[in-house]
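Heads up, target.txt below (compact mmCIF, C-alpha atoms):
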```txt
# COMPACT_ATOMS: atom_id res chain seq x y z
CA MET A 1 -11.13 -25.14 2.26
CA ASN A 2 -14.26 -23.01 2.33
CA ARG A 3 -14.50 -19.56 3.84
CA ARG A 4 -15.94 -20.75 7.12
CA ARG A 5 -13.17 -23.25 7.60
CA LEU A 6 -10.57 -20.64 6.73
CA ILE A 7 -11.81 -18.26 9.36
CA LEU A 8 -12.28 -21.00 11.88
CA SER A 9 -8.70 -22.05 11.35
CA ALA A 10 -7.60 -18.44 11.73
CA ALA A 11 -9.34 -18.18 15.03
CA GLY A 12 -8.08 -21.59 16.05
CA ALA A 13 -4.50 -20.74 15.16
CA GLY A 14 -4.65 -17.49 17.05
CA LEU A 15 -6.39 -18.80 20.07
CA ALA A 16 -5.40 -22.42 20.50
CA VAL A 17 -8.25 -22.66 22.98
CA SER A 18 -10.85 -25.25 22.11
CA GLY A 19 -13.59 -23.54 24.11
CA VAL A 20 -13.13 -20.30 22.19
CA ALA A 21 -12.93 -21.97 18.81
CA GLY A 22 -16.34 -23.48 19.51
CA THR A 23 -17.93 -20.03 19.57
CA THR A 24 -17.17 -19.51 15.86
CA ARG A 25 -20.08 -21.70 14.74
CA GLY A 26 -22.58 -20.07 12.41
CA LEU A 27 -20.04 -17.84 10.71
CA ALA A 28 -20.71 -18.92 7.16
CA ALA A 29 -23.92 -16.95 6.80
CA LEU A 30 -22.34 -13.71 8.02
CA THR A 31 -20.58 -11.12 5.93
CA ALA A 32 -18.10 -8.73 7.47
CA THR A 33 -18.48 -5.04 6.75
CA ASP A 34 -15.62 -2.82 5.65
CA ASP A 35 -15.72 -1.21 9.10
CA GLU A 36 -15.13 -4.61 10.66
CA LEU A 37 -12.37 -5.56 8.25
CA ALA A 38 -10.57 -2.23 8.80
CA TYR A 39 -9.69 -3.47 12.29
CA ALA A 40 -8.12 -6.55 10.75
CA ASN A 41 -6.23 -4.61 8.08
CA PHE A 42 -4.78 -2.20 10.62
CA GLY A 43 -4.12 -5.00 13.09
CA LEU A 44 -2.30 -7.14 10.54
CA ALA A 45 0.15 -4.38 9.55
CA THR A 46 0.75 -3.38 13.15
CA GLU A 47 1.33 -6.95 14.28
CA PHE A 48 4.02 -7.18 11.58
CA LEU A 49 5.47 -3.97 13.00
CA LEU A 50 5.36 -5.36 16.52
CA ARG A 51 7.04 -8.58 15.43
CA ASP A 52 9.85 -6.56 13.90
CA PHE A 53 10.11 -4.50 17.08
CA TYR A 54 10.59 -7.63 19.17
CA THR A 55 13.07 -9.03 16.66
CA GLN A 56 15.18 -5.86 16.78
CA ALA A 57 14.92 -5.61 20.57
CA ALA A 58 16.03 -9.21 21.04
CA ALA A 59 18.90 -8.79 18.58
CA ALA A 60 20.11 -5.75 20.53
CA LYS A 61 20.47 -7.96 23.63
CA LEU A 62 19.16 -5.20 25.86
CA VAL A 63 17.94 -7.54 28.57
CA GLY A 64 18.39 -11.07 29.80
CA GLY A 65 16.46 -13.58 31.86
CA SER A 66 12.69 -13.35 32.02
CA ALA A 67 12.62 -10.00 30.20
CA ALA A 68 14.40 -11.55 27.23
CA ARG A 69 12.00 -14.47 27.29
CA ASN A 70 9.10 -12.00 27.26
CA LEU A 71 10.50 -10.34 24.14
CA ALA A 72 10.81 -13.71 22.43
CA ARG A 73 7.29 -14.65 23.46
CA GLY A 74 5.93 -11.31 22.27
CA ARG A 75 7.50 -11.91 18.88
CA PHE A 76 5.85 -15.31 18.73
CA ASN A 77 2.48 -13.83 19.74
CA ALA A 78 2.72 -11.09 17.09
CA ALA A 79 3.48 -13.66 14.42
CA GLU A 80 0.51 -15.78 15.45
CA HIS A 81 -1.81 -12.76 15.54
CA ALA A 82 -0.63 -11.70 12.09
CA ALA A 83 -1.24 -15.18 10.72
CA ALA A 84 -4.75 -15.26 12.17
CA LEU A 85 -5.63 -11.81 10.83
CA GLY A 86 -4.17 -12.60 7.42
CA THR A 87 -6.27 -15.73 7.20
CA LEU A 88 -9.34 -13.81 8.36
CA LEU A 89 -8.87 -11.20 5.62
CA THR A 90 -8.21 -13.78 2.94
CA GLY A 91 -11.29 -15.68 4.02
CA ALA A 92 -13.28 -12.47 3.74
CA GLY A 93 -12.14 -12.03 0.15
CA GLN A 94 -9.52 -9.35 0.71
CA THR A 95 -5.87 -9.44 -0.28
CA ALA A 96 -3.99 -9.65 2.99
CA ALA A 97 -0.79 -7.68 3.34
CA VAL A 98 2.48 -9.51 3.86
CA GLU A 99 5.42 -8.33 5.92
CA GLU A 100 7.40 -7.51 2.77
CA ASP A 101 4.83 -4.83 1.93
CA PHE A 102 6.18 -2.63 4.72
CA THR A 103 9.38 -0.77 5.43
CA PHE A 104 9.52 -0.26 9.17
CA VAL A 105 11.18 2.86 10.48
CA TRP A 106 12.83 2.91 13.89
CA PRO A 107 14.17 6.23 15.19
CA ASP A 108 17.88 6.41 15.95
CA GLY A 109 18.58 5.01 19.37
CA THR A 110 15.38 3.01 19.65
CA PHE A 111 17.25 -0.13 20.58
CA ALA A 112 20.14 1.49 22.42
CA LYS A 113 18.55 1.22 25.86
CA ALA A 114 15.93 -1.12 27.25
CA ASP A 115 13.66 1.58 28.64
CA ALA A 116 13.73 3.59 25.40
CA ALA A 117 12.86 0.51 23.38
CA ALA A 118 10.13 -0.46 25.81
CA THR A 119 8.55 2.99 25.54
CA ILE A 120 8.18 2.60 21.78
CA GLY A 121 6.99 -0.97 22.23
CA LEU A 122 4.35 0.35 24.59
CA THR A 123 3.14 2.85 22.01
CA ILE A 124 2.59 0.02 19.54
CA THR A 125 1.06 -2.49 21.92
CA GLN A 126 -1.25 0.09 23.49
CA ALA A 127 -2.43 1.19 20.04
CA LEU A 128 -3.18 -2.41 19.16
CA LEU A 129 -4.83 -3.14 22.48
CA GLY A 130 -7.05 -0.06 22.16
CA THR A 131 -8.01 -0.97 18.61
CA TYR A 132 -8.84 -4.55 19.51
CA LEU A 133 -10.98 -3.37 22.43
CA SER A 134 -12.78 -1.06 20.02
CA ALA A 135 -13.28 -3.98 17.65
CA VAL A 136 -14.76 -6.10 20.43
CA GLY A 137 -17.22 -3.33 21.14
CA SER A 138 -18.38 -2.82 17.57
CA ILE A 139 -17.97 -6.01 15.54
CA SER A 140 -21.17 -7.92 14.99
CA ILE A 141 -19.70 -11.29 14.05
CA ALA A 142 -19.21 -13.38 17.16
CA SER A 143 -16.16 -15.29 15.96
CA TYR A 144 -14.39 -12.08 14.92
CA ARG A 145 -15.24 -10.56 18.29
CA THR A 146 -13.84 -13.58 20.09
CA LEU A 147 -10.62 -13.43 18.09
CA PHE A 148 -10.13 -9.73 18.83
CA ALA A 149 -10.97 -10.22 22.52
CA SER A 150 -8.45 -13.01 22.75
CA MET A 151 -5.75 -10.93 21.06
CA ALA A 152 -6.59 -7.99 23.34
CA ALA A 153 -6.06 -10.19 26.39
CA ASN A 154 -2.67 -11.19 25.08
CA LEU A 155 -1.79 -7.57 24.18
CA ALA A 156 -2.61 -6.54 27.74
CA GLN A 157 -0.01 -9.03 28.95
CA GLN A 158 2.52 -7.59 26.53
CA VAL A 159 1.71 -4.08 27.71
CA GLY A 160 2.38 -5.21 31.29
CA ALA A 161 5.74 -6.74 30.39
CA LEU A 162 6.88 -3.73 28.40
CA SER A 163 5.62 -1.35 31.07
CA GLU A 164 7.82 -3.11 33.62
CA LEU A 165 10.77 -2.90 31.23
CA ALA A 166 10.15 0.84 30.90
CA GLY A 167 10.21 1.24 34.67
CA GLY A 168 6.47 1.15 35.26
CA ARG A 169 4.01 -1.31 36.76
CA VAL A 170 3.22 -4.72 35.36
CA VAL A 171 -0.41 -4.32 36.29
CA GLY A 172 -1.69 -0.94 35.23
CA ILE A 173 -4.98 0.87 34.86
CA SER A 174 -8.28 -0.86 35.50
CA PHE A 175 -9.91 0.11 32.21
CA PRO A 176 -7.59 0.43 29.21
CA ALA A 177 -9.17 2.75 26.67
CA ALA A 178 -10.70 1.58 23.41
CA VAL A 179 -9.46 3.70 20.51
CA ASP A 180 -10.65 4.01 16.93
CA VAL A 181 -8.52 2.88 14.01
CA GLN A 182 -7.74 6.43 12.94
CA THR A 183 -6.30 7.36 16.35
CA ALA A 184 -4.31 4.15 16.61
CA SER A 185 -3.09 4.54 13.05
CA ASP A 186 -1.80 8.04 13.77
CA ALA A 187 0.02 6.71 16.84
CA VAL A 188 2.09 4.18 14.88
CA ALA A 189 2.27 5.92 11.50
CA SER A 190 5.87 7.07 11.91
CA TYR A 191 7.06 3.49 12.52
CA LEU A 192 5.00 1.79 9.82
CA GLY A 193 6.71 3.79 7.07
CA MET B 194 -0.54 26.42 -15.46
CA ARG B 195 -0.08 25.87 -19.22
CA ARG B 196 2.70 23.42 -18.35
CA ILE B 197 0.30 21.40 -16.23
CA VAL B 198 -2.29 21.28 -18.97
CA SER B 199 0.22 20.18 -21.55
CA VAL B 200 1.96 17.63 -19.40
CA LEU B 201 -0.97 16.23 -17.53
CA GLY B 202 -3.76 16.38 -20.08
CA SER B 203 -6.05 13.39 -20.17
CA ALA B 204 -5.34 12.49 -23.78
CA THR B 205 -2.57 10.08 -24.62
CA VAL B 206 0.67 11.96 -24.81
CA VAL B 207 3.27 10.93 -27.32
CA VAL B 208 6.75 12.06 -26.44
CA ALA B 209 9.54 11.79 -28.98
CA LEU B 210 12.51 13.82 -27.93
CA ALA B 211 15.77 13.94 -29.81
CA LEU B 212 18.08 14.31 -26.85
CA PRO B 213 20.99 11.91 -26.34
CA ALA B 214 19.93 8.56 -24.90
CA PRO B 215 21.62 7.20 -21.82
CA ALA B 216 20.52 3.70 -22.67
CA GLY B 217 22.80 3.34 -25.69
CA ALA B 218 23.64 4.88 -29.06
CA HIS B 219 21.64 2.28 -30.99
CA THR B 220 18.43 3.92 -29.81
CA LYS B 221 19.08 7.18 -31.62
CA ALA B 222 18.68 5.85 -35.12
CA ASN B 223 15.88 3.39 -34.43
CA PRO B 224 13.97 4.40 -31.31
CA LEU B 225 11.83 1.89 -29.51
CA THR B 226 8.10 2.49 -29.19
CA ILE B 227 7.30 2.15 -25.51
CA TYR B 228 3.72 2.03 -24.29
CA ALA B 229 3.83 3.00 -20.64
CA ALA B 230 1.46 3.81 -17.81
CA ALA B 231 0.72 7.52 -17.49
CA SER B 232 2.37 7.60 -14.08
CA LEU B 233 5.72 6.76 -15.72
CA THR B 234 5.68 9.87 -17.92
CA GLN B 235 8.26 11.92 -16.06
CA ALA B 236 10.40 8.99 -14.97
CA PHE B 237 10.80 7.30 -18.37
CA SER B 238 11.16 10.56 -20.28
CA ALA B 239 13.94 11.64 -17.95
CA TYR B 240 15.65 8.24 -17.94
CA ASP B 241 15.79 7.84 -21.70
CA PRO B 242 14.40 10.72 -23.79
CA ALA B 243 15.56 9.15 -27.06
CA GLN B 244 12.74 6.63 -27.21
CA HIS B 245 9.27 7.07 -28.65
CA TYR B 246 6.73 6.94 -25.81
CA SER B 247 2.98 6.61 -25.62
CA PHE B 248 1.75 7.33 -22.11
CA ALA B 249 -1.84 6.57 -21.07
CA GLY B 250 -3.89 4.47 -18.70
CA SER B 251 -2.59 0.89 -18.63
CA ASN B 252 -5.99 -0.46 -19.59
CA ALA B 253 -6.15 1.78 -22.68
CA LEU B 254 -2.65 0.73 -23.72
CA GLU B 255 -3.55 -2.93 -23.19
CA THR B 256 -6.50 -2.50 -25.52
CA GLN B 257 -4.35 -0.79 -28.14
CA ILE B 258 -1.82 -3.64 -28.06
CA ARG B 259 -4.64 -6.16 -28.38
CA ASN B 260 -5.74 -4.23 -31.44
CA GLY B 261 -2.29 -4.53 -32.98
CA ALA B 262 -0.71 -1.22 -32.08
CA PRO B 263 2.99 -1.27 -33.09
CA ALA B 264 4.61 -1.19 -29.66
CA ASP B 265 7.95 -2.74 -28.68
CA ILE B 266 7.54 -2.57 -24.90
CA PHE B 267 4.55 -2.42 -22.55
CA ALA B 268 4.99 -1.05 -19.02
CA SER B 269 1.89 -1.38 -16.88
CA ALA B 270 0.96 0.15 -13.52
CA ALA B 271 -0.68 -3.10 -12.47
CA PRO B 272 0.31 -6.72 -13.05
CA LEU B 273 -3.18 -7.51 -14.33
CA ASN B 274 -2.82 -5.64 -17.64
CA ALA B 275 0.54 -7.15 -18.55
CA ASP B 276 -0.45 -10.59 -17.31
CA ARG B 277 -3.59 -10.60 -19.47
CA LEU B 278 -1.55 -9.76 -22.56
CA TYR B 279 0.97 -12.46 -21.64
CA ALA B 280 -1.84 -15.00 -21.28
CA ALA B 281 -3.04 -14.00 -24.74
CA GLY B 282 0.44 -14.46 -26.18
CA LEU B 283 0.75 -10.77 -27.02
CA VAL B 284 3.74 -10.00 -24.81
CA ASP B 285 6.69 -11.99 -23.47
CA ARG B 286 6.71 -12.91 -19.77
CA PRO B 287 6.37 -9.66 -17.77
CA VAL B 288 8.72 -8.75 -14.94
CA THR B 289 8.11 -6.47 -11.98
CA PHE B 290 10.37 -3.43 -12.21
CA THR B 291 9.18 -0.92 -9.64
CA ALA B 292 6.51 -0.05 -7.09
CA ASN B 293 4.57 2.98 -6.00
CA ARG B 294 2.23 4.27 -3.30
CA LEU B 295 -0.96 6.24 -3.32
CA ALA B 296 -1.55 9.64 -1.75
CA LEU B 297 -4.42 12.06 -1.42
CA ILE B 298 -3.72 15.48 -2.89
CA VAL B 299 -5.55 18.74 -2.29
CA PRO B 300 -4.98 22.14 -3.92
CA LYS B 301 -2.56 24.39 -2.05
CA SER B 302 -5.53 26.63 -1.22
CA ASN B 303 -7.28 23.55 0.29
CA PRO B 304 -10.81 25.00 0.09
CA ALA B 305 -12.38 21.96 1.80
CA GLY B 306 -9.94 22.10 4.72
CA ILE B 307 -8.81 18.49 4.37
CA THR B 308 -5.96 17.39 6.64
CA SER B 309 -6.58 13.64 6.79
CA VAL B 310 -8.01 10.99 4.49
CA TYR B 311 -10.69 10.49 7.12
CA ASP B 312 -11.88 14.07 6.50
CA LEU B 313 -13.37 12.83 3.22
CA LYS B 314 -16.03 11.12 5.29
CA THR B 315 -16.99 14.10 7.40
CA LYS B 316 -16.53 17.12 5.13
CA LYS B 317 -18.32 18.21 2.00
CA VAL B 318 -15.75 17.48 -0.66
CA LYS B 319 -15.58 17.50 -4.45
CA LEU B 320 -13.51 14.35 -4.97
CA VAL B 321 -11.96 13.26 -8.24
CA ILE B 322 -10.65 9.74 -8.83
CA ALA B 323 -9.72 7.56 -11.79
CA ASN B 324 -12.26 5.16 -13.17
CA ALA B 325 -12.19 1.59 -11.90
CA ALA B 326 -10.74 0.12 -15.09
CA VAL B 327 -7.48 2.04 -14.86
CA PRO B 328 -5.00 0.75 -12.23
CA VAL B 329 -4.97 3.87 -10.06
CA GLY B 330 -8.76 3.77 -9.98
CA GLY B 331 -8.71 0.20 -8.74
CA TYR B 332 -6.04 1.01 -6.17
CA THR B 333 -8.08 3.99 -4.95
CA ARG B 334 -11.06 1.78 -4.30
CA THR B 335 -8.83 -0.69 -2.43
CA VAL B 336 -7.62 2.10 -0.13
CA LEU B 337 -11.16 3.25 0.56
CA LYS B 338 -12.30 -0.29 1.27
CA LYS B 339 -9.39 -1.01 3.61
CA MET B 340 -10.06 2.19 5.54
CA ALA B 341 -13.81 1.60 5.59
CA LEU B 342 -14.32 4.81 3.64
CA GLY B 343 -16.36 3.40 0.80
CA SER B 344 -19.10 5.93 1.47
CA VAL B 345 -16.88 8.76 0.19
CA LEU B 346 -17.43 7.48 -3.34
CA SER B 347 -20.68 9.46 -3.16
CA SER B 348 -18.51 12.61 -3.12
CA VAL B 349 -16.91 11.76 -6.46
CA VAL B 350 -17.66 14.47 -9.01
CA SER B 351 -15.51 13.11 -11.81
CA GLN B 352 -13.89 9.82 -12.82
CA GLU B 353 -10.87 10.22 -15.07
CA SER B 354 -9.20 7.97 -17.62
CA ASP B 355 -5.72 8.20 -16.13
CA VAL B 356 -3.81 9.53 -13.15
CA ARG B 357 -2.53 12.62 -14.96
CA ALA B 358 -6.08 13.83 -15.44
CA VAL B 359 -6.83 13.38 -11.73
CA THR B 360 -3.64 15.23 -10.84
CA ALA B 361 -4.40 18.07 -13.25
CA LYS B 362 -7.92 18.62 -11.95
CA VAL B 363 -6.73 18.97 -8.37
CA ALA B 364 -3.68 21.04 -9.32
CA LEU B 365 -5.92 23.43 -11.25
CA GLY B 366 -8.36 23.69 -8.35
CA GLN B 367 -11.21 22.03 -10.23
CA ALA B 368 -11.63 19.52 -7.40
CA ASP B 369 -11.06 19.59 -3.64
CA ALA B 370 -9.14 16.33 -3.51
CA GLY B 371 -7.98 13.38 -5.58
CA PHE B 372 -6.21 10.07 -5.23
CA VAL B 373 -2.98 9.79 -7.22
CA TYR B 374 0.40 8.08 -7.04
CA VAL B 375 2.96 9.82 -4.85
CA THR B 376 5.12 10.22 -7.97
CA ASP B 377 2.42 12.25 -9.71
CA ALA B 378 1.96 14.35 -6.61
CA ARG B 379 5.66 15.14 -6.64
CA ALA B 380 5.45 16.48 -10.16
CA VAL B 381 3.02 19.21 -9.06
CA SER B 382 4.26 19.74 -5.52
CA ASP B 383 4.15 23.51 -5.99
CA GLN B 384 0.41 23.35 -6.61
CA VAL B 385 -0.85 20.65 -4.28
CA THR B 386 -0.50 19.49 -0.71
CA VAL B 387 0.07 15.79 -0.20
CA ILE B 388 -1.86 13.98 2.50
CA PRO B 389 -0.31 10.58 3.19
CA ILE B 390 -2.33 7.40 3.22
CA PRO B 391 -1.38 5.09 6.10
CA ALA B 392 0.97 2.26 5.15
CA TRP B 393 -1.49 -0.36 6.39
CA ALA B 394 -4.13 0.88 3.94
CA GLN B 395 -1.85 1.02 0.91
CA PRO B 396 -2.60 -1.31 -1.99
CA ARG B 397 0.23 -3.38 -3.41
CA VAL B 398 1.15 -1.18 -6.39
CA ARG B 399 3.48 -3.12 -8.66
CA TYR B 400 4.60 -2.15 -12.16
CA GLU B 401 5.32 -4.79 -14.78
CA ILE B 402 7.17 -4.51 -18.06
CA ALA B 403 7.34 -6.83 -21.05
CA VAL B 404 8.50 -7.02 -24.64
CA VAL B 405 5.60 -6.99 -27.08
CA SER B 406 5.55 -10.28 -29.01
CA LYS B 407 5.14 -8.66 -32.42
CA SER B 408 7.94 -6.16 -31.87
CA GLY B 409 10.31 -5.93 -34.78
CA ASN B 410 13.01 -4.79 -32.41
CA LYS B 411 12.94 -7.44 -29.69
CA ALA B 412 16.65 -7.54 -28.92
CA ALA B 413 16.77 -3.80 -28.35
CA ALA B 414 13.56 -3.98 -26.33
CA GLN B 415 15.04 -6.66 -24.09
CA THR B 416 18.17 -4.58 -23.65
CA TRP B 417 16.07 -1.57 -22.68
CA ILE B 418 14.21 -3.61 -20.07
CA LYS B 419 17.53 -4.85 -18.67
CA GLY B 420 18.51 -1.21 -18.43
CA ILE B 421 15.49 -0.19 -16.41
CA LEU B 422 16.11 -3.15 -14.09
CA SER B 423 19.77 -2.19 -13.68
CA ALA B 424 21.12 -0.05 -10.86
CA LYS B 425 21.10 2.96 -13.18
CA GLY B 426 17.49 2.42 -14.22
CA GLN B 427 16.37 1.82 -10.67
CA ALA B 428 18.16 4.96 -9.55
CA ALA B 429 16.27 6.96 -12.18
CA LEU B 430 12.99 5.58 -10.93
CA LYS B 431 13.95 6.30 -7.34
CA ASN B 432 14.77 9.88 -8.31
CA ALA B 433 11.24 10.19 -9.65
CA GLY B 434 9.85 8.97 -6.32
CA PHE B 435 9.18 5.34 -7.17
CA LEU B 436 9.89 2.64 -4.62
CA PRO B 437 12.67 0.09 -4.99
CA LEU B 438 11.91 -3.31 -6.47
CA PRO B 439 9.72 -5.15 -3.97
CA LYS B 440 11.68 -7.65 -1.86
CA ALA B 441 9.65 -10.58 -3.13
CA SER B 442 10.35 -9.58 -6.75
CA SER B 443 14.02 -8.72 -6.52
```
Spell out the structure here as structure tokens.
Amino acid sequence: MNRRRLILSAAGAGLAVSGVAGTTRGLAALTATDDELAYANFGLATEFLLRDFYTQAAAAKLVGGSAARNLARGRFNAAEHAAALGTLLTGAGQTAAVEEDFTFVWPDGTFAKADAAATIGLTITQALLGTYLSAVGSISIASYRTLFASMAANLAQQVGALSELAGGRVVGISFPAAVDVQTASDAVASYLG
Amino acid sequence: MRRIVSVLGSATVVVALALPAPAGAHTKANPLTIYAAASLTQAFSAYDPAQHYSFAGSNALETQIRNGAPADIFASAAPLNADRLYAAGLVDRPVTFTANRLALIVPKSNPAGITSVYDLKTKKVKLVIANAAVPVGGYTRTVLKKMALGSVLSSVVSQESDVRAVTAKVALGQADAGFVYVTDARAVSDQVTVIPIPAWAQPRVRYEIAVVSKSGNKAAAQTWIKGILSAKGQAALKNAGFLPLPKASS
């Protein structure tokens, strides 16, 4: 499988939307910069973190019904995002991190109450959402942009679900802020280990 | 300061101490010759001072073994060095025995006012790193690439042959910052401030160890490697700040 196909499959796996996958044509001649790949490196590690968050939250049986289904779906989404970003990085010639590279750190009591867990989940999902929005605004490669935009849309849904679990609104602010990798990295550093 | 110079000097350091060996009485009379990455200096010397050590950059030790140096064991800070020797039939199959992380260190006085790795991009800094051939030099470049900080390589004033030399230059205030292993930073914690590198930007730092094929003491060498892989050996490495065996390797 050549590099173009690898990245196309990454986008395809993450998006599962034929119309979006079609926008990745012409990728082969483009080379990602380190700035562009930094979004993917940060995103990959943080998606692993988010997947672990959902796993722990579900195991703690904090909620039932639709809220529990949202946690399970969020875990699935994080795994798919991580797979897409890992394939993107590999296709770009980098060594992609694997989940075993990280030791996640959850403060005592994180999964003792639903609202406390949701607050930490919000920190992670908002950091990812902000980073992906920043990526959309700065990445020059159309297929990468599309992938990050698609993941941002999904993250916004996760933010809504977690916000409700934390006692807030499902639909929040009109313009979520784009944040740089450094700011987002600082926000989740204590959980990433 | 003299201690730093003697312990962290850039030249290969040969340590042969006559203290009792925890690894077994057989080592007293006929010590093993262990070629080990410079970053293992404190950890191995503390774990088993009865052996005869040669600490240096893994690439330099690899070259010496290729040239027929009389080593019994090779412990490398990167899989590449041990794997190349294995492919050449010069060592037995290597095993992963520990892991490490990178950190940025600055002198306690912190003349450049660095509080984050990202400051390297925006502040005028005299940066010291290891050269690309030595594992920590390669890992440093991986960190910079992952964080999109490749431009800070223009701030490099010196490229050293092993991690101890990088550590010494920063500890002695001859540079504003340097990339080292967290274990080396620990050894000079009274002289430097450690600035963490985010987990997502960390390279996969894995150490491998193998018996040298031409060793005349292979049984003892294999026993020593079993020892470092044992709970006792792993505890000694953990005490020195190394990470547990990676999940995928354990």
For chain B against chain A, with a cut-off of 6 Å and counting all atoms listed in the file, what is the closest atom pair and its distance in Å to one decimal for every residue that makes the cut, ordered by chain and number, as CSV?
```
residue,atom,partner,partner_atom,distance
B:Lys339,CA,A:Ala38,CA,5.5
B:Met340,CA,A:Ala38,CA,5.5
B:Ala341,CA,A:Asp34,CA,4.8
B:Trp393,CA,A:Ala45,CA,5.4
```
Edge lengths and centre in Å to one decimal, as JSON, of the axis-aligned box that encloses all listed atoms of region 237-244 of chain B with 5 Å added on every side?
```
{"center_x": 13.3, "center_y": 9.1, "center_z": -22.6, "size_x": 15.0, "size_y": 15.0, "size_z": 19.3}
```
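The spacing separating CA of Ile139 (chain A) from CA of Thr123 (chain A) amounts to 23.8 Å.
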Quiz item: So, counting all atoms listed in the file, which residue among B:Gly366, B:Gly250, B:Gly371, B:Pro287 is closest to Leu346 (chain B)?
Solution: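 Looking only at the distances to Leu346 (chain B), the closest residue turns out to be B:Gly371.
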Quiz item: Near Ala253 (chain B), counting all atoms listed in the file, which residues have an atom at most 9 Å away, once you skip same-chain residues fewer than 4 positions from it, shown as a ChimeraX atom specification?
Solution: /B:249,257-258,327,354
Find the residues of region 333-367 of chain B that sit at most 8 Å from region 308-316 of chain B; for each, write down the nearest two atoms and how far apart they are in Å, to one decimal. Count only C-alpha atoms. Sort by chain, then by number going up, and give it as CSV.
```
residue,atom,partner,partner_atom,distance
B:Leu342,CA,B:Lys314,CA,6.7
B:Ser344,CA,B:Lys314,CA,7.1
B:Val345,CA,B:Lys314,CA,5.7
```
May I have the residues from that selection written out with C-alpha atoms, as a PDB file, keeping the file's coordinate frame?
```pdb
ATOM      1  CA  LEU B 342     -14.320   4.810   3.640  1.00  0.00           C
ATOM      2  CA  SER B 344     -19.100   5.930   1.470  1.00  0.00           C
ATOM      3  CA  VAL B 345     -16.880   8.760   0.190  1.00  0.00           C
TER       4      VAL B 345
END
```
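Candidate residues A:Ala156, A:Leu89, A:Ile141, A:Leu122 were compared for distance to Asn77 (chain A), and the nearest is A:Ala156, using only C-alpha atoms.
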Would you kindly return, as an mmCIF file with C-alpha atoms, keeping the file's coordinate frame, each protein, DNA or RNA residue with an atom no farther than 7 Å from any atom of Val284 (chain B), considering only C-alpha atoms and excluding same-chain residues fewer than 2 positions away?
```
data_model
loop_
_atom_site.group_PDB
_atom_site.id
_atom_site.type_symbol
_atom_site.label_atom_id
_atom_site.label_comp_id
_atom_site.auth_asym_id
_atom_site.auth_seq_id
_atom_site.Cartn_x
_atom_site.Cartn_y
_atom_site.Cartn_z
ATOM 1 C CA LEU B 278 -1.550 -9.760 -22.560
ATOM 2 C CA TYR B 279 0.970 -12.460 -21.640
ATOM 3 C CA GLY B 282 0.440 -14.460 -26.180
ATOM 4 C CA ARG B 286 6.710 -12.910 -19.770
ATOM 5 C CA ALA B 403 7.340 -6.830 -21.050
ATOM 6 C CA VAL B 404 8.500 -7.020 -24.640
ATOM 7 C CA VAL B 405 5.600 -6.990 -27.080
ATOM 8 C CA SER B 406 5.550 -10.280 -29.010
#
```
Quiz prompt | All residues 9 Å or closer to Val336 (chain B), only C-alpha atoms, same chain fewer than 2 positions away omitted, as JSON, numbers by chain | solution = {"B": [295, 331, 332, 333, 334, 338, 339, 340, 341, 342, 343, 390, 394, 395, 396]}
Practice problem: Can you work out the spacing between CA of Arg294 (chain B) and CA of Ala380 (chain B) in Å, to one decimal? | Solution: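 Computing the Euclidean distance for CA of Arg294 (chain B) and CA of Ala380 (chain B) yields 14.4 Å.
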Self-check item: Coordinates-based distance that separates CA of Ser348 (chain B) from CA of Val318 (chain B) (Å, one decimal)
Solution: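 CA of Val318 (chain B) sits 6.1 Å away from CA of Ser348 (chain B).
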Quiz prompt | Local residues around (5.6, -9.3, 11.8), at most 10 Å away, using only C-alpha atoms, as a ChimeraX atom specification | solution = /A:44-55,75-83,98-100,102
Quiz item: Could you pull the residues within 6 Å of Thr386 (chain B), counting all atoms listed in the file, minus those fewer than 5 positions along the same chain, as an NGL selection string?
Solution: :B and (298-299 or 301)
Quiz item: Quick one: residues within 9 Å of Val387 (chain B), all atoms listed in the file counted, chain neighbours fewer than 2 positions away excluded, as a list in words?
Solution: Ala296, Leu297, Ile298, Val299, Pro300, Val375, Ala378, Arg379, Ser382, Val385 and Pro389 of chain B
Exercise. Point out the residue among B:Ile322, B:Leu422, B:Asp383, B:Ala429 with the least atom-to-atom distance to Arg357 (chain B), counting only C-alpha atoms.
Key: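 Closest to Arg357 (chain B), using only C-alpha atoms: B:Ile322.
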